[in-house]
Number of protein chains: 2
Amino acid sequence: MIAIDWGTSSFRAYRLAGDGAVIERRATGRGILTVEAGGFPAVLDAAIGDWAAAGERRVVLGGMVGSRQGWVEAPYVDCPAGAPEIAAAMLRLDWQSALGVEAWLAPGLVCRGEGGVPDVMRGEEVQILGALGMLANRSGLVCLPGTHSKWARVRDGWIESFATHMTGEVFAVLRHHSILGRLMPDGDAAISDERWFAAGLRRAAEPGGLLHHLFGVRARGLMGEIPAEGLADYLSGILIGHELSNAPRQPDGSDPADPIYVAGSAELSARYLFALQLTGRPAVPLDPDAAAAGLFSLAAHLEGERIP
Amino acid sequence: MIAIDWGTSSFRAYRLAGDGAVIERRATGRGILTVEAGGFPAVLDAAIGDWAAAGERRVVLGGMVGSRQGWVEAPYVDCPAGAPEIAAAMLRLDWQSALGVEAWLAPGLVCRGEGGVPDVMRGEEVQILGALGMLANRSGLVCLPGTHSKWARVRDGWIESFATHMTGEVFAVLRHHSILGRLMPDGDAAISDERWFAAGLRRAAEPGGLLHHLFGVRARGLMGEIPAEGLADYLSGILIGHELSNAPRQPDGSDPADPIYVAGSAELSARYLFALQLTGRPAVPLDPDAAAAGLFSLAAHLEGERIP
C-alpha cells in the first residue's frame with residue numbers, strides 16, 4: 001500500500017510492504033497550500049504513478065489534506081479515539097484514478113479541554129498511532145512539536161485528550177513581523193547557542209508572564225546583554241519554556257519514570273529534548289516515519305471492516 | 001513653549017502657555033518611522049514654524065525621537081527617577097534652527113525587573129510625570145496600554161519600576177500574519193462585541209497558558225462556537241487578560257482602594273477599564289494630554305538648573 005502524510009507545507013509518501021515496512025519514501029514541497037482547489041488528484045497521480053504502475057492499489061492519506069482547505073473535508077472524530085474509531089470515520093475518495101488505485105482519507109480528532117474549549121488535530125493522530133509500539137504499555141504523554149505543537153495523553157492505544165500550543169507559529173510571526181526580529185540577523189532556526197536557548201528557558205520559569213518576557217528579548221538586545229546572534233535562541237527558549245510549563249502532564253496513574261515521547265523534525269525534537277532534559281523530565285525521541293506506520297495500522301482496520 | 005510627543009507612528013505637538021495650559025494642539029502621521037535619517041529638523045520646522053514665528057523659543061521633545069532610530073539617541077536614565085533626574089539627563093539638540101528655537105530631548109528610562117532583566121520605556125515617562133497631579137499622593141500603579149503596554153509603580157512622584165507587556169504588538173502580528181487572522185473579517189479593533197472580549201478575559205484565567213489559549217481562537221472558530229466577527233475580540237480578551245493577570249501590583253503599602261490609573265487612546269483605555277472593572281479592580285482614566293504636562297514639568301527643571 002501507499003501511505004501519504006500530506007500537511008500544510010509538506011507532502012511525504014511511503015511505499016509499504018505487506019508487513020508495514022517502508023520500501024521507499026519520497027517527499028516534495030507540495031503541501032496543501034500549494035495545491036489549487038481540484039488539483040489534488042493530479043498532484044497525487046504525479047507523485048505515486050510509478051508505484052501504482054508497479055502494482056500498488058491502495059492509498060491511505062492523513063493530515064491537512066482532509067481539512068476544509070484540502071482535497072475534501074473529513075469531519076473530526078471525538079476523543080477518546082483509537083485506530084478502530086479513526087478508521088471507521090475514514091472517507092473513501094470519490095475519485096476515478098487513471099492509476100486504478102483506491103484512496104482513503106483519515107479524519108482529524110477533536111477533544112474538549114479545560115473550560116470545555118475545543119481543540120483539534122489533523123495528521124498528528126496518525127503519527128501517534130504509528131508510535132504506539134514504542135510507548136510503554138501503549139500509554140504515555142506524546143509531544144509533537146511544530147508550528148502548532150500537540151501534547152497528547154495516550155492510554156492503552158487510545159488518544160484520550162490533547163492540547164495544542166501555537167509555539168512555532170508565534171515564534172515565526174514574532175521573528176519575521178515584530179520589532180523583536182529587527183535586532184536579529186537573518187539565518188536559520190537551528191540552535192546556534194545553547195546558552196541563550198537555556199537562558200530563555202530559565203526566563204520562562206520566572207514571574208511576569210509571556211507577554212512581558214517577550215519584551216525582554218528586545219530590552220536585553222538593546223542593552224547589549226545578548227548578542228544579536230543569540231536573540232532568536234533566547235526567544236525560542238522563552239516560548240518553548242512557557243509551552244513546557246503549561247503542557248499537559250502524564251496521564252493519572254502513569255509511572256513517574258515514564259519518559260515524554262517526542263516526535264518531530266530532527267531540529268525541533270533536539271530543542272525539545274534539550275529543554276525537557278534541562279528541567280529534569282525524561283524524554284525520548286520517536287521514529288520520524290511514525291506517520292507511515294499509523295496510516296498502515298488504519299489500513300489494517302479498513303481491511304477487516306470495510307472492504308468486502 | 002512647545003511640547004512634542006514624537007513616537008514611532010505618531011507626532012503630537014502642543015503649544016503651552018506660561019502656566020502649562022494647552023493653547024493649541026496638532027497631530028500628524030509623521031512618526032519617526034516615516035522620517036529618514038537627517039530629516040527630523042525639517043519635519044519639526046514644518047510642524048511648528050508658525051508657533052515659532054509667533055514667538056515661541058523653546059521646544060521640548062519626548063518619545064522615540066530620542067531612540068537610536070530617532071533624531072539622536074538620548075541614553076536611558078536608571079529608575080527610580082523623577083522629573084529632576086530625567087530633566088538632568090536631557091540633551092540640548094545641536095541644531096541651528098532657522099526658526100531661532102532651542103530644542104531639548106528627553107531621555108528614556110531603564111529599570112531592572114525580576115531576574116535582573118532590563119526593561120525600557122521612551123515617552124511613557126513624560127505621560128506619567130504629566131499625570132502625577134491626578135494620582136493620590138503622587139503615587140500609584142499606572143497602566144499605559146498600547147503596542148507595548150507599560151505598567152509603572154510610582155511613589156511620591158518617582159517612577160520606581162515598570163514592566164512592559166507586548167500585548168498590542170502580539171495582537172497585531174497574530175491578527176495580520178498568523179493563521180488566527182484567516183478566520184477573522186477585516187475591520188477595526190474597536191470592541192464590537194463585549195461578550196466575546198469578556199469570554200477571552202475569562203479564558204485567560206483558566207489553566208493551559210497563553211500559547212494554548214491562542215490556538216483555542218482557531219478551534220472555537222472552526223467549530224462555529226464563536227462567529228467570525230467575534231474572534232478578534234476574543235483574541236484581544238485573551239491577550240489583555242494574560243497581561244492583567246501578570247502585571248505588577250500596587251506598590252507595597254498603598255491603599256487597596258487606590259485605583260489603577262489608565263492612560264492611553266480612548267479605544268484602548270476603554271478596553272482596559274472594562275477588563276479591570278470585570279475583575280473587580282478599580283480603575284480610572286488619565287488625561288490624554290498628560291505628555292504635554294510632563295514635558296512642561298521637565299522644562300521647569302531645565303529653567304531652574306540648566307539655563308543661565
# chains A, B, ... in the order shown; residues from 1 in each chain; ligands from 1
$ residues_around --residues "Ile179 of chain B" --least-positions-apart "6" --cutoff "10 Å" --atoms "only C-alpha atoms" --output "ChimeraX atom specification"
/A:166,169 /B:215,217-218
$ interface_residues --of "chain B" --to "chain A" --cutoff "10 Å" --atoms "only C-alpha atoms" --output "PyMOL selection string"
chain B and resi 68+76+110+113-115+117-121+148-150+163-170+172-174+176-179+202-203+206-223+225+239-240+242-248
$ atom_distance --atom1 "atom CA of Gly20 of chain B" --atom2 "atom CA of Leu109 of chain B"
23.5 Å
$ closest_residue --among "A:Glu24, A:Asp19, A:Asp287, A:Glu73" --to "Asp50 of chain A" --atoms "only C-alpha atoms"
A:Glu24
$ residues_around --residues "Thr34 of chain A" --least-positions-apart "4" --cutoff "10 Å" --atoms "only C-alpha atoms" --output "PDB file with N, CA and C atoms, in the first residue's frame"
ATOM      1  N   THR A   8       0.236  20.916   5.627  1.00  0.00           N
ATOM      2  CA  THR A   8       0.074  22.271   5.114  1.00  0.00           C
ATOM      3  C   THR A   8       1.200  22.636   4.158  1.00  0.00           C
ATOM      4  N   SER A   9       2.417  22.296   4.550  1.00  0.00           N
ATOM      5  CA  SER A   9       3.555  22.726   3.741  1.00  0.00           C
ATOM      6  C   SER A   9       4.435  21.562   3.295  1.00  0.00           C
ATOM      7  N   SER A  10       3.994  20.337   3.523  1.00  0.00           N
ATOM      8  CA  SER A  10       4.839  19.192   3.140  1.00  0.00           C
ATOM      9  C   SER A  10       3.994  18.047   2.594  1.00  0.00           C
ATOM     10  N   GLY A  29       7.653  19.367  -1.921  1.00  0.00           N
ATOM     11  CA  GLY A  29       7.192  20.593  -1.256  1.00  0.00           C
ATOM     12  C   GLY A  29       5.727  20.889  -1.531  1.00  0.00           C
ATOM     13  N   ARG A  30       4.992  19.885  -2.097  1.00  0.00           N
ATOM     14  CA  ARG A  30       3.612  20.164  -2.485  1.00  0.00           C
ATOM     15  C   ARG A  30       2.643  20.037  -1.310  1.00  0.00           C
ATOM     16  N   GLY A  39      -7.041  20.381  -7.651  1.00  0.00           N
ATOM     17  CA  GLY A  39      -5.735  19.948  -8.164  1.00  0.00           C
ATOM     18  C   GLY A  39      -5.119  18.770  -7.433  1.00  0.00           C
ATOM     19  N   PHE A  40      -5.809  18.283  -6.385  1.00  0.00           N
ATOM     20  CA  PHE A  40      -5.206  17.230  -5.566  1.00  0.00           C
ATOM     21  C   PHE A  40      -4.988  15.911  -6.301  1.00  0.00           C
TER      22      PHE A  40
END
$ residues_around --residues "Val59 of chain A" --least-positions-apart "2" --cutoff "12 Å" --atoms "only C-alpha atoms" --output "VMD selection string"
chain A and resid 1 to 5 13 to 16 41 44 to 45 47 to 49 51 to 52 55 to 57 61 to 62 91 to 93 95 97 99 to 106 292 295 to 296 298 to 299 302
